[in-house]
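A.B. asks: Handing over start.cif, mmCIF, C-alpha atoms.
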```cif
data_final
#
loop_
_atom_site.label_atom_id
_atom_site.label_comp_id
_atom_site.auth_asym_id
_atom_site.auth_seq_id
_atom_site.Cartn_x
_atom_site.Cartn_y
_atom_site.Cartn_z
CA MET A 14 -19.17 -28.60 43.07
CA ALA A 15 -18.29 -25.10 41.85
CA THR A 16 -14.71 -23.93 42.21
CA SER A 17 -13.62 -20.29 42.46
CA CYS A 18 -11.39 -18.74 39.83
CA LYS A 19 -8.15 -17.48 41.36
CA LEU A 20 -7.67 -15.01 38.49
CA LEU A 21 -10.90 -13.21 39.36
CA GLY A 22 -9.67 -12.88 42.92
CA LEU A 23 -6.87 -10.57 41.77
CA PRO A 24 -7.27 -6.79 41.47
CA GLY A 25 -8.60 -5.59 38.11
CA GLU A 26 -5.38 -3.82 37.10
CA ILE A 27 -3.36 -6.99 37.70
CA ARG A 28 -5.81 -9.01 35.61
CA GLU A 29 -5.41 -6.44 32.83
CA ALA A 30 -1.62 -6.77 33.01
CA ILE A 31 -1.96 -10.56 32.74
CA TYR A 32 -4.28 -10.29 29.73
CA HIS A 33 -1.80 -7.91 28.11
CA GLU A 34 1.07 -10.36 28.61
CA ILE A 35 -0.98 -13.14 27.04
CA LEU A 36 -2.63 -11.27 24.17
CA PHE A 37 -0.40 -8.36 23.08
CA SER A 38 0.83 -9.17 19.56
CA PRO A 39 4.59 -8.44 20.04
CA LYS A 40 4.62 -10.87 22.95
CA ASN A 41 3.21 -13.56 20.66
CA LYS A 42 5.89 -13.17 18.00
CA TYR A 43 8.42 -16.00 17.99
CA ASP A 44 11.73 -16.51 16.23
CA ILE A 45 11.55 -19.62 14.02
CA GLY A 46 15.12 -19.43 12.71
CA ASN A 47 17.03 -17.68 9.94
CA GLU A 48 15.63 -14.31 11.10
CA TYR A 49 12.05 -15.40 10.32
CA LYS A 50 9.31 -14.77 12.88
CA LYS A 51 5.84 -16.17 13.39
CA TYR A 52 2.80 -15.29 15.47
CA ARG A 53 1.32 -17.84 17.83
CA PHE A 54 -1.59 -16.43 19.84
CA ASP A 55 -2.84 -18.46 22.78
CA LEU A 56 -6.54 -17.59 22.93
CA SER A 57 -7.54 -20.17 25.52
CA VAL A 58 -8.18 -17.38 28.03
CA PHE A 59 -11.34 -16.60 26.08
CA ARG A 60 -12.73 -20.04 26.88
CA THR A 61 -12.83 -19.70 30.66
CA CYS A 62 -15.86 -17.76 31.82
CA HIS A 63 -18.03 -14.86 30.66
CA GLN A 64 -16.34 -12.23 32.86
CA ILE A 65 -12.79 -13.19 31.86
CA TYR A 66 -13.87 -13.39 28.23
CA SER A 67 -15.26 -9.83 28.38
CA GLU A 68 -12.24 -8.41 30.19
CA ALA A 69 -9.70 -10.18 27.98
CA ARG A 70 -11.54 -9.18 24.80
CA ALA A 71 -11.43 -5.53 25.82
CA VAL A 72 -7.65 -5.72 26.35
CA PHE A 73 -7.13 -7.64 23.09
CA ARG A 74 -9.04 -5.00 21.15
CA ARG A 75 -7.30 -2.14 22.92
CA ASP A 76 -3.74 -3.44 22.51
CA ASN A 77 -3.81 -4.99 19.02
CA ILE A 78 -4.42 -3.31 15.69
CA PHE A 79 -4.58 -5.44 12.56
CA VAL A 80 -4.30 -4.70 8.86
CA ALA A 81 -5.80 -6.74 6.02
CA VAL A 82 -3.89 -6.89 2.73
CA ASP A 83 -5.92 -7.96 -0.31
CA THR A 84 -4.28 -8.77 -3.66
CA PRO A 85 -5.18 -10.96 -6.65
CA TRP A 86 -1.75 -12.64 -6.69
CA PRO A 87 -1.61 -16.09 -5.05
CA ASP A 88 2.11 -15.79 -4.26
CA ALA A 89 1.94 -12.34 -2.67
CA GLN A 90 1.79 -13.64 0.89
CA ASN A 91 4.76 -15.96 0.39
CA TYR A 92 6.74 -13.15 -1.23
CA VAL A 93 6.03 -10.80 1.68
CA GLY A 94 6.79 -13.42 4.29
CA MET A 95 9.82 -15.10 2.69
CA GLU A 96 11.52 -12.28 0.76
CA GLY A 97 10.44 -9.43 3.02
CA TYR A 98 10.70 -11.33 6.33
CA VAL A 99 7.36 -9.81 7.36
CA PRO A 100 5.50 -12.10 9.80
CA ILE A 101 1.96 -12.97 8.73
CA VAL A 102 -0.68 -13.27 11.47
CA VAL A 103 -3.12 -15.35 9.44
CA SER A 104 -3.85 -16.08 5.78
CA GLY A 105 -6.15 -18.07 3.53
CA GLU A 106 -9.74 -18.79 4.54
CA LYS A 107 -9.12 -17.72 8.12
CA ALA A 108 -7.93 -14.32 6.93
CA LEU A 109 -11.09 -13.87 4.84
CA ARG A 110 -13.15 -14.38 8.01
CA PHE A 111 -10.94 -11.98 10.00
CA ASN A 112 -12.90 -8.71 10.08
CA ASN A 113 -11.37 -6.97 13.11
CA VAL A 114 -9.04 -4.77 11.07
CA HIS A 115 -8.49 -1.02 11.24
CA LEU A 116 -7.09 -0.78 7.72
CA ARG A 117 -7.87 -2.62 4.51
CA VAL A 118 -5.08 -2.45 1.96
CA GLN A 119 -6.12 -3.38 -1.55
CA ILE A 120 -3.40 -3.69 -4.20
CA THR A 121 -4.60 -4.43 -7.73
CA PRO A 122 -3.49 -3.97 -11.35
CA GLN A 123 -4.44 -0.54 -12.68
CA PHE A 124 -7.14 -1.59 -15.16
CA ALA A 125 -8.34 -4.84 -13.62
CA ALA A 126 -12.02 -5.18 -12.73
CA LEU A 127 -11.93 -7.57 -9.78
CA ASP A 128 -14.53 -8.93 -7.41
CA GLU A 129 -13.93 -9.76 -3.76
CA ALA A 130 -13.75 -13.42 -4.77
CA ASP A 131 -10.70 -12.65 -6.93
CA LEU A 132 -8.67 -11.38 -3.98
CA ARG A 133 -6.39 -13.25 -1.59
CA ARG A 134 -5.99 -11.88 1.91
CA PHE A 135 -3.39 -11.98 4.64
CA ILE A 136 -3.33 -10.18 7.98
CA LEU A 137 -0.52 -8.07 9.44
CA THR A 138 -0.16 -6.19 12.71
CA ILE A 139 0.28 -2.45 12.78
CA ASP A 140 3.78 -3.01 14.20
CA ASP A 141 4.84 -4.89 11.05
CA LEU A 142 3.30 -2.46 8.57
CA ALA A 143 6.52 -0.42 8.27
CA SER A 144 8.43 -3.61 7.40
CA PHE A 145 5.84 -4.39 4.73
CA THR A 146 6.12 -0.98 3.06
CA TYR A 147 9.92 -1.01 3.45
CA MET A 148 9.98 -4.30 1.53
CA TRP A 149 7.67 -2.78 -1.10
CA TYR A 150 9.99 0.24 -1.41
CA HIS A 151 12.91 -2.02 -2.31
CA SER A 152 10.84 -4.42 -4.42
CA ASN A 153 9.95 -1.61 -6.81
CA LEU A 154 13.67 -0.89 -7.23
CA SER A 155 14.27 -4.54 -8.08
CA HIS A 156 11.43 -4.45 -10.63
CA PRO A 157 11.53 -0.96 -12.16
CA GLY A 158 8.17 0.32 -13.34
CA MET A 159 6.16 -2.20 -11.29
CA ASN A 160 4.35 0.41 -9.22
CA GLU A 161 3.28 2.40 -12.28
CA HIS A 162 0.79 -0.38 -13.03
CA LEU A 163 -0.66 -0.72 -9.51
CA ARG A 164 -3.66 0.84 -7.80
CA LEU A 165 -3.62 1.18 -4.01
CA ILE A 166 -6.78 1.62 -1.95
CA LEU A 167 -6.43 2.28 1.77
CA LYS A 168 -9.67 2.01 3.71
CA LEU A 169 -9.68 3.08 7.35
CA GLN A 170 -12.35 1.67 9.63
CA ASP A 171 -12.99 1.06 13.31
CA PRO A 172 -14.12 -2.56 13.50
CA TYR A 173 -15.44 -2.10 17.02
CA GLN A 174 -17.44 1.08 16.49
CA LEU A 175 -21.16 0.76 17.12
CA ALA A 176 -23.62 1.72 14.39
CA PHE A 177 -24.73 4.91 16.16
CA GLU A 178 -21.18 6.11 16.88
CA ASP A 179 -19.55 8.65 14.60
CA LYS A 180 -15.94 9.23 15.51
CA PRO A 181 -12.72 8.72 13.54
CA ILE A 182 -9.87 6.46 14.54
CA PRO A 183 -7.51 8.47 16.81
CA LYS A 184 -5.09 10.59 14.81
CA ALA A 185 -1.98 8.94 16.29
CA ILE A 186 -3.21 5.53 15.11
CA GLN A 187 -4.13 6.91 11.68
CA ARG A 188 -0.58 8.15 11.33
CA LYS A 189 0.82 4.71 12.20
CA LEU A 190 -1.51 3.16 9.64
CA LEU A 191 -1.04 5.55 6.72
CA GLU A 192 2.38 7.16 7.00
CA PRO A 193 4.37 3.94 6.36
CA PHE A 194 2.91 4.02 2.83
CA GLY A 195 4.88 7.20 2.21
CA LEU A 196 7.71 4.84 1.19
CA VAL A 197 5.68 3.48 -1.73
CA LYS A 198 6.51 5.50 -4.84
CA ASN A 199 5.22 6.01 -8.38
CA LEU A 200 1.86 4.24 -8.07
CA TYR A 201 -0.72 4.57 -10.83
CA GLN A 202 -3.41 5.59 -8.32
CA VAL A 203 -3.76 5.98 -4.56
CA VAL A 204 -7.19 6.22 -2.92
CA VAL A 205 -7.80 6.77 0.80
CA GLN A 206 -11.26 5.87 2.06
CA GLY A 207 -13.00 6.02 5.40
CA ASP A 208 -13.19 8.76 8.01
CA HIS A 209 -9.67 10.16 8.38
CA TYR A 210 -7.70 13.34 8.99
CA ALA A 211 -6.79 15.14 5.78
CA SER A 212 -3.46 16.21 7.30
CA VAL A 213 -2.42 12.57 7.79
CA GLU A 214 -3.22 11.73 4.17
CA LYS A 215 -1.38 14.87 3.04
CA THR A 216 1.77 13.86 4.92
CA MET A 217 1.64 10.37 3.39
CA ARG A 218 1.25 11.73 -0.14
CA GLU A 219 4.07 14.23 0.35
CA GLN A 220 6.38 11.38 1.34
CA MET A 221 5.20 9.34 -1.64
CA ALA A 222 6.20 12.22 -3.90
CA VAL A 223 9.79 12.24 -2.63
CA PRO A 224 11.80 10.50 -5.38
CA TYR A 225 14.16 7.61 -4.84
CA PRO A 226 17.77 8.66 -4.23
CA THR A 227 19.91 8.55 -7.34
CA VAL A 228 22.37 5.70 -7.74
CA GLU A 229 25.18 8.26 -7.51
CA LYS A 230 23.86 9.44 -4.13
CA CYS A 231 23.47 5.85 -2.90
CA LEU A 232 27.04 4.93 -3.84
CA GLU A 233 28.55 8.09 -2.38
CA GLU A 234 26.65 7.74 0.90
CA SER A 235 27.63 4.08 1.16
CA THR A 236 31.27 5.04 0.58
CA ARG A 237 31.12 7.74 3.24
CA LEU A 238 29.69 5.34 5.83
CA LYS A 239 32.23 2.65 4.89
CA ASP A 240 35.06 5.12 5.43
CA GLU A 241 33.61 6.13 8.80
CA GLY A 242 33.43 2.46 9.70
CA ASN A 243 37.07 2.01 8.73
CA ASP A 244 38.01 4.93 11.01
CA ALA A 245 36.11 3.31 13.87
CA LEU A 246 37.85 0.00 13.15
CA ARG A 247 41.28 1.66 13.35
CA LYS A 248 40.31 3.28 16.67
CA GLY A 249 39.26 -0.05 18.17
CA GLN A 250 35.57 0.86 18.12
CA TYR A 251 34.56 -2.44 16.60
CA GLN A 252 30.82 -2.43 17.34
CA ASP A 253 30.55 1.08 15.91
CA ALA A 254 32.39 -0.13 12.84
CA LEU A 255 29.92 -2.99 12.37
CA ARG A 256 26.98 -0.62 12.77
CA LEU A 257 28.41 1.75 10.15
CA TYR A 258 29.06 -1.13 7.75
CA ARG A 259 25.42 -2.22 8.09
CA GLU A 260 24.29 1.34 7.33
CA SER A 261 26.64 1.44 4.37
CA HIS A 262 25.07 -1.77 3.06
CA ARG A 263 21.63 -0.21 3.44
CA HIS A 264 22.51 2.53 0.95
CA LEU A 265 23.42 -0.23 -1.51
CA MET A 266 19.87 -1.58 -1.04
CA ILE A 267 21.21 -4.50 1.00
CA ILE A 268 19.45 -5.02 4.32
CA CYS A 269 21.48 -6.65 7.09
CA GLU A 270 19.53 -8.12 10.00
CA GLY A 271 21.34 -10.64 12.17
CA ARG A 272 22.75 -13.24 9.79
CA ARG A 273 20.38 -12.22 7.03
CA ARG A 274 21.33 -10.26 3.93
CA SER A 275 18.47 -9.20 1.66
CA VAL A 276 19.78 -7.88 -1.64
CA TRP A 277 17.45 -5.56 -3.53
CA GLY A 278 17.69 -3.17 -6.45
CA ASP A 279 20.03 -5.00 -8.83
CA ALA A 280 18.15 -3.52 -11.78
CA TYR A 281 18.27 -0.06 -10.21
CA PHE A 282 22.08 -0.09 -10.18
CA HIS A 283 22.32 -1.39 -13.75
CA VAL A 284 23.20 2.08 -15.09
CA GLN A 285 26.15 4.32 -15.80
CA CYS A 286 26.91 6.99 -13.21
CA ARG A 287 26.39 10.40 -14.77
CA GLU A 288 27.91 12.67 -12.14
CA GLY A 289 29.75 12.90 -8.87
CA GLN A 290 32.50 10.76 -7.39
CA PHE A 291 31.85 7.79 -9.69
CA LYS A 292 31.04 9.62 -12.91
CA ASP A 293 31.26 7.44 -16.06
CA GLN A 294 31.63 4.24 -14.00
CA PHE A 295 29.11 1.40 -14.17
CA ALA A 296 27.11 1.61 -10.94
CA GLN A 297 26.75 -2.14 -10.52
CA ILE A 298 30.55 -2.59 -10.59
CA VAL A 299 31.06 0.21 -8.06
CA ARG A 300 28.42 -1.41 -5.87
CA LEU A 301 30.10 -4.82 -6.18
CA VAL A 302 33.48 -3.42 -5.13
CA LEU A 303 31.90 -1.66 -2.14
CA ARG A 304 30.14 -4.88 -1.10
CA VAL A 305 33.39 -6.86 -1.20
CA ARG A 306 35.23 -4.22 0.83
CA LEU A 307 32.43 -4.05 3.38
CA VAL A 308 32.46 -7.82 3.86
CA SER A 309 36.24 -7.88 4.15
CA ASN A 310 36.19 -5.24 6.89
CA THR A 311 33.16 -6.78 8.60
CA VAL A 312 35.08 -10.05 8.94
CA MET A 313 38.05 -8.09 10.31
CA ALA A 314 35.83 -6.39 12.92
CA TYR A 315 34.53 -9.76 14.11
CA LEU A 316 38.10 -11.06 14.33
CA LYS A 317 39.03 -8.08 16.49
CA LEU A 318 36.09 -8.91 18.74
CA ASN A 319 37.31 -12.54 18.92
CA ASN A 320 33.93 -13.52 17.49
CA TYR A 321 35.36 -16.16 15.20
CA GLU A 322 32.05 -17.86 14.47
CA GLU A 323 30.57 -14.69 12.94
CA ALA A 324 33.80 -13.94 11.12
CA ALA A 325 33.84 -17.42 9.60
CA PHE A 326 30.13 -17.30 8.79
CA TRP A 327 30.25 -14.05 6.83
CA GLY A 328 33.54 -14.89 5.18
CA MET A 329 32.41 -18.35 4.06
CA ARG A 330 29.04 -17.02 2.91
CA THR A 331 30.72 -14.49 0.63
CA ILE A 332 33.31 -16.98 -0.61
CA LYS A 333 30.59 -19.48 -1.52
CA ILE A 334 28.63 -16.84 -3.45
CA PHE A 335 31.82 -15.69 -5.16
CA GLN A 336 32.86 -19.21 -6.16
CA GLU A 337 29.41 -19.91 -7.58
CA SER A 338 29.45 -16.69 -9.59
CA ILE A 339 32.87 -17.26 -11.23
CA GLN A 340 32.52 -21.08 -11.42
CA GLN A 341 36.25 -21.56 -10.85
CA GLY A 342 36.40 -23.16 -7.43
CA ASP A 343 39.58 -22.22 -5.58
CA GLU A 344 41.36 -20.64 -8.54
CA ALA A 345 42.17 -16.95 -8.25
CA ARG A 346 40.57 -14.40 -10.52
CA GLN A 347 43.06 -11.55 -10.65
CA ASP A 348 40.88 -9.74 -13.19
CA PHE A 349 37.98 -9.60 -10.75
CA PRO A 350 37.16 -6.10 -9.44
CA ALA A 351 38.61 -5.65 -5.94
CA ALA A 352 40.62 -8.88 -6.27
CA PRO A 353 42.92 -7.90 -3.35
CA GLU A 354 39.86 -7.51 -1.12
CA ILE A 355 38.70 -10.98 -2.14
CA GLY A 356 42.13 -12.20 -1.05
CA LYS A 357 41.67 -10.51 2.32
CA ILE A 358 38.32 -12.20 2.78
CA TYR A 359 39.92 -15.59 2.14
CA TYR A 360 42.77 -14.80 4.53
CA ARG A 361 40.59 -13.43 7.34
CA THR A 362 38.17 -16.32 6.98
CA GLY A 363 41.16 -18.65 7.22
CA VAL A 364 42.20 -16.98 10.47
CA ALA A 365 38.69 -17.46 11.86
CA CYS A 366 38.68 -21.14 10.85
CA ARG A 367 42.11 -21.63 12.42
CA GLU A 368 40.97 -20.10 15.71
CA LEU A 369 37.88 -22.32 15.65
CA GLY A 370 40.11 -25.37 15.30
CA ASP A 371 39.21 -26.16 11.69
CA LYS A 372 42.82 -26.28 10.45
CA PRO A 373 42.18 -28.11 7.13
CA ARG A 374 39.65 -25.48 6.07
CA ALA A 375 41.96 -22.74 7.30
CA TYR A 376 44.67 -24.20 5.04
CA GLN A 377 42.34 -24.11 2.03
CA MET A 378 41.42 -20.47 2.74
CA MET A 379 45.07 -19.43 3.17
CA LYS A 380 46.05 -21.26 -0.01
CA VAL A 381 43.64 -19.16 -2.10
CA ALA A 382 44.51 -15.99 -0.17
CA LYS A 383 48.15 -16.49 -1.13
CA LEU A 384 47.16 -16.61 -4.81
CA TYR A 385 45.40 -13.27 -4.50
CA LEU A 386 48.02 -11.69 -2.23
CA PRO A 387 51.34 -13.20 -3.43
CA HIS A 388 53.48 -10.43 -1.91
CA ASP A 389 51.85 -10.35 1.53
CA THR A 390 54.40 -11.81 3.96
CA THR A 391 51.84 -12.32 6.74
CA VAL A 392 49.65 -14.42 4.48
CA ALA A 393 52.68 -16.42 3.31
CA LYS A 394 53.81 -17.06 6.88
CA ASP A 395 50.39 -18.20 8.09
CA PHE A 396 49.98 -20.41 5.03
CA GLU A 397 53.30 -22.15 5.67
CA ALA A 398 52.30 -22.80 9.29
CA LEU A 399 49.20 -24.64 8.10
CA LYS A 400 50.78 -26.82 5.42
CA GLN A 401 50.76 -29.88 7.68
CA TYR A 402 46.94 -29.71 7.57
CA LYS A 403 46.77 -30.03 3.81
CA PRO A 404 43.87 -32.42 3.06
#
```
What does this structure look like when you write it as structure tokens?
C.D. replies:
Amino acid sequence: MATSCKLLGLPGEIREAIYHEILFSPKNKYDIGNEYKKYRFDLSVFRTCHQIYSEARAVFRRDNIFVAVDTPWPDAQNYVGMEGYVPIVVSGEKALRFNNVHLRVQITPQFAALDEADLRRFILTIDDLASFTYMWYHSNLSHPGMNEHLRLILKLQDPYQLAFEDKPIPKAIQRKLLEPFGLVKNLYQVVVQGDHYASVEKTMREQMAVPYPTVEKCLEESTRLKDEGNDALRKGQYQDALRLYRESHRHLMIICEGRRRSVWGDAYFHVQCREGQFKDQFAQIVRLVLRVRLVSNTVMAYLKLNNYEEAAFWGMRTIKIFQESIQQGDEARQDFPAAPEIGKIYYRTGVACRELGDKPRAYQMMKVAKLYLPHDTTVAKDFEALKQYKP
């Protein structure tokens, strides 16, 4: 006995809204922890009946634009997904069979003669393309000269265009597909293929030609934003302070998203400053001092917001990295650049631990803080109050 489909009994515009909720890519992006995201499309709607299949397919094609990235490097997908935090829609054999893409991105060594069989593919959405090129921007700073050996081919295509149709992809979509690549600098060769607007390609190439900021400019801009954050902190504008500290980090090539810190460009800062505020200073040391000060004040801002969990998290994260780098455990390194700021991080982390009820850890933090800040009466007083919790 045939049964009627309740979905088909709804008005067409409501059915479209339902298909959009089910099939639109941003609504199928899920947080899987540690700031990583993953796509999980539920395509069961296509297996209902012919009419629903046709209607849903039209909405899926209208609302989703995909990009194929082809490279010869087996680890490229993992690097993009893990280091760049860019969610991958599909990869491997499934990606090779995925032809409904509006842009094919081919990245190969400059002189390599490769066949299609030599390439590995993964699929991105248009909404994640900017994150992909932003990661590439910073990756080239971490590996200076990398891009000079790479060829980039960008092929635009309308996967749904019929053979007799002759019309380009809409200009607004072309811009969203090509302009993110303006961040990618110093490539050996860039080729744009397919029917496209010359003005869109021109804008992309003009952005590609804009050089990276100098290390002097990066350090000075980071310092300016840090100082603005400190002003906001003093005025009680704690969320503004945190926002400014994140922006300050960004100019140090450190991306802060949630609890994630992605550190790029170590090699880029491995130079002597030639001019400006930090002339004749080693850029990597200046950057290190700025990072320590930013963390110290970030922890303070979270304390002011009574957000002790975040204060403890960022303080302990930095302390762990610091201890691993100096390999001295809880001993103080007075010769370390910005040693007083390290002491403040220990102290403020101790306060957060104390407020969270972890008194033994708070004692350990205060003990080291006192070594770094021997003349600070507040630190001494709080340390004495915690002595009964000595492990």
A.B. asks: Which neighbours of range 135-139 of chain A fall inside 7 Å, counting all atoms listed in the file, when residues of the same chain fewer than 2 positions from it are skipped, and could you give them as number ranges by chain?
C.D. replies: A: 78-83, 90, 101-105, 108, 141-142, 190
A.B. asks: Suppose a student applies the PyMOL selection byres ((chain A and resi 264) around 8) to this structure; what residues should they get, written as a ChimeraX atom specification?
C.D. replies: /A:231-232,234-235,260-263,265-267
A.B. asks: Neighbourhood query: residues within 12 Å of (36.9, 5.1, 11.0), file coordinates, counting all atoms listed in the file; return as a PyMOL selection string.
C.D. replies: chain A and resi 236-258+310+314
A.B. asks: Restricted to C-alpha atoms, what would the selected residues look like written as an mmCIF file, in the frame of the given file?
C.D. replies:
```cif
data_model
loop_
_atom_site.group_PDB
_atom_site.id
_atom_site.type_symbol
_atom_site.label_atom_id
_atom_site.label_comp_id
_atom_site.auth_asym_id
_atom_site.auth_seq_id
_atom_site.Cartn_x
_atom_site.Cartn_y
_atom_site.Cartn_z
ATOM 1 C CA THR A 236 31.270 5.040 0.580
ATOM 2 C CA ARG A 237 31.120 7.740 3.240
ATOM 3 C CA LEU A 238 29.690 5.340 5.830
ATOM 4 C CA LYS A 239 32.230 2.650 4.890
ATOM 5 C CA ASP A 240 35.060 5.120 5.430
ATOM 6 C CA GLU A 241 33.610 6.130 8.800
ATOM 7 C CA GLY A 242 33.430 2.460 9.700
ATOM 8 C CA ASN A 243 37.070 2.010 8.730
ATOM 9 C CA ASP A 244 38.010 4.930 11.010
ATOM 10 C CA ALA A 245 36.110 3.310 13.870
ATOM 11 C CA LEU A 246 37.850 0.000 13.150
ATOM 12 C CA ARG A 247 41.280 1.660 13.350
ATOM 13 C CA LYS A 248 40.310 3.280 16.670
ATOM 14 C CA GLY A 249 39.260 -0.050 18.170
ATOM 15 C CA GLN A 250 35.570 0.860 18.120
ATOM 16 C CA TYR A 251 34.560 -2.440 16.600
ATOM 17 C CA GLN A 252 30.820 -2.430 17.340
ATOM 18 C CA ASP A 253 30.550 1.080 15.910
ATOM 19 C CA ALA A 254 32.390 -0.130 12.840
ATOM 20 C CA LEU A 255 29.920 -2.990 12.370
ATOM 21 C CA ARG A 256 26.980 -0.620 12.770
ATOM 22 C CA LEU A 257 28.410 1.750 10.150
ATOM 23 C CA TYR A 258 29.060 -1.130 7.750
ATOM 24 C CA ASN A 310 36.190 -5.240 6.890
ATOM 25 C CA ALA A 314 35.830 -6.390 12.920
#
```
A.B. asks: Enter the distance from CA of Leu165 in chain A to CA of Ile186 in chain A, in Å, rounded to one decimal.
C.D. replies: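 Computed distance, CA of Leu165 in chain A to CA of Ile186 in chain A, equals 19.6 Å.
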A.B. asks: Rounded to one decimal in Å, what is the spacing between CA of Val305 in chain A and CA of Thr362 in chain A?
C.D. replies: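 Pair CA of Val305 in chain A / CA of Thr362 in chain A returns 13.4 Å.
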A.B. asks: Could you tell me how far CA of Pro404 in chain A lies from CA of Met378 in chain A, in Å and to one decimal?
C.D. replies: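 For CA of Pro404 in chain A relative to CA of Met378 in chain A, the distance reads 12.2 Å.
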A.B. asks: Suppose a student applies the PyMOL selection byres ((chain A and resi 315-327) around 8) to this structure; what residues should they get, written as an MDAnalysis selection string?
C.D. replies: chainID A and resid 251 308 311:314 328:331 361:363 365:366 368:369
A.B. asks: Which residues would end up in the selection if the PyMOL selection byres ((chain A and resi 221) around 8) were applied here, given that I need the answer as an mmCIF file with C-alpha atoms, in the frame of the given file?
C.D. replies:
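result-v5.cif, freshly written:
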```cif
data_model
loop_
_atom_site.group_PDB
_atom_site.id
_atom_site.type_symbol
_atom_site.label_atom_id
_atom_site.label_comp_id
_atom_site.auth_asym_id
_atom_site.auth_seq_id
_atom_site.Cartn_x
_atom_site.Cartn_y
_atom_site.Cartn_z
ATOM 1 C CA PHE A 194 2.910 4.020 2.830
ATOM 2 C CA GLY A 195 4.880 7.200 2.210
ATOM 3 C CA LEU A 196 7.710 4.840 1.190
ATOM 4 C CA VAL A 197 5.680 3.480 -1.730
ATOM 5 C CA LYS A 198 6.510 5.500 -4.840
ATOM 6 C CA ASN A 199 5.220 6.010 -8.380
ATOM 7 C CA MET A 217 1.640 10.370 3.390
ATOM 8 C CA ARG A 218 1.250 11.730 -0.140
ATOM 9 C CA GLU A 219 4.070 14.230 0.350
ATOM 10 C CA GLN A 220 6.380 11.380 1.340
ATOM 11 C CA ALA A 222 6.200 12.220 -3.900
ATOM 12 C CA VAL A 223 9.790 12.240 -2.630
ATOM 13 C CA PRO A 224 11.800 10.500 -5.380
#
```
A.B. asks: Kindly indicate which residue among A:Arg367, A:His63, A:Lys184, A:His388 lies nearest to Ser212 in chain A, using all atoms listed in the file for the distances.
C.D. replies: A:Lys184
A.B. asks: For Ala398 in chain A, find every residue with an atom within 12 Å (counting all atoms listed in the file), except residues of its own chain fewer than 2 positions away, and show them as a short mmCIF file (atom, residue, chain, number, x, y, z; two decimals) with C-alpha atoms, keeping the file's coordinate frame.
C.D. replies:
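Listed below is the output, part.cif:
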```
data_model
loop_
_atom_site.label_atom_id
_atom_site.label_comp_id
_atom_site.auth_asym_id
_atom_site.auth_seq_id
_atom_site.Cartn_x
_atom_site.Cartn_y
_atom_site.Cartn_z
CA VAL A 364 42.20 -16.98 10.47
CA ARG A 367 42.11 -21.63 12.42
CA LYS A 372 42.82 -26.28 10.45
CA PRO A 373 42.18 -28.11 7.13
CA ALA A 375 41.96 -22.74 7.30
CA TYR A 376 44.67 -24.20 5.04
CA MET A 379 45.07 -19.43 3.17
CA LYS A 380 46.05 -21.26 -0.01
CA THR A 391 51.84 -12.32 6.74
CA VAL A 392 49.65 -14.42 4.48
CA ALA A 393 52.68 -16.42 3.31
CA LYS A 394 53.81 -17.06 6.88
CA ASP A 395 50.39 -18.20 8.09
CA PHE A 396 49.98 -20.41 5.03
CA LYS A 400 50.78 -26.82 5.42
CA GLN A 401 50.76 -29.88 7.68
CA TYR A 402 46.94 -29.71 7.57
CA LYS A 403 46.77 -30.03 3.81
#
```
A.B. asks: Identify which of the residues A:Ile268, A:Glu48, A:Ala211, A:Glu229 lies closest to Asp293 in chain A, counting all atoms listed in the file when measuring atom-to-atom distances.
C.D. replies: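 Among A:Ile268, A:Glu48, A:Ala211, A:Glu229, it is A:Glu229 that comes nearest to Asp293 in chain A.
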A.B. asks: Using only C-alpha atoms, find the one residue out of A:Val118, A:Ala382, A:Ala143, A:Ala296 that sits nearest to Lys168 in chain A.
C.D. replies: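 Selected residue with least distance to Lys168 in chain A: A:Val118.
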A.B. asks: Ranking A:Gly370, A:Gly97, A:Pro85, A:Pro122 by minimum distance to Thr146 in chain A and counting all atoms listed in the file, which one comes first?
C.D. replies: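 Once distances to Thr146 in chain A are computed over all atoms listed in the file, the minimum belongs to A:Gly97.
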A.B. asks: So, counting all atoms listed in the file, which residue among A:Leu169, A:Met148, A:Val204, A:Ile355 is closest to Val276 in chain A?
C.D. replies: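 For Val276 in chain A, the nearest of the candidates is A:Met148.
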A.B. asks: Just want the 12 Å neighbourhood of Lys19 in chain A, counted on all atoms listed in the file, with same-chain residues fewer than 6 positions away dropped. Output as a PyMOL selection string.
C.D. replies: chain A and resi 28+61+65
A.B. asks: Counting all atoms listed in the file, figure out which residue out of A:Pro353, A:Gly94, A:Pro157, A:Gly207 gets nearest to His283 in chain A.
C.D. replies: A:Pro157
A.B. asks: Please provide the set of residues having any atom within 12 Å of Met95 in chain A, restricted to only C-alpha atoms, with same-chain residues fewer than 6 positions apart removed, written as a ChimeraX atom specification.
C.D. replies: /A:47-51,88-89,101,145,148,273,275
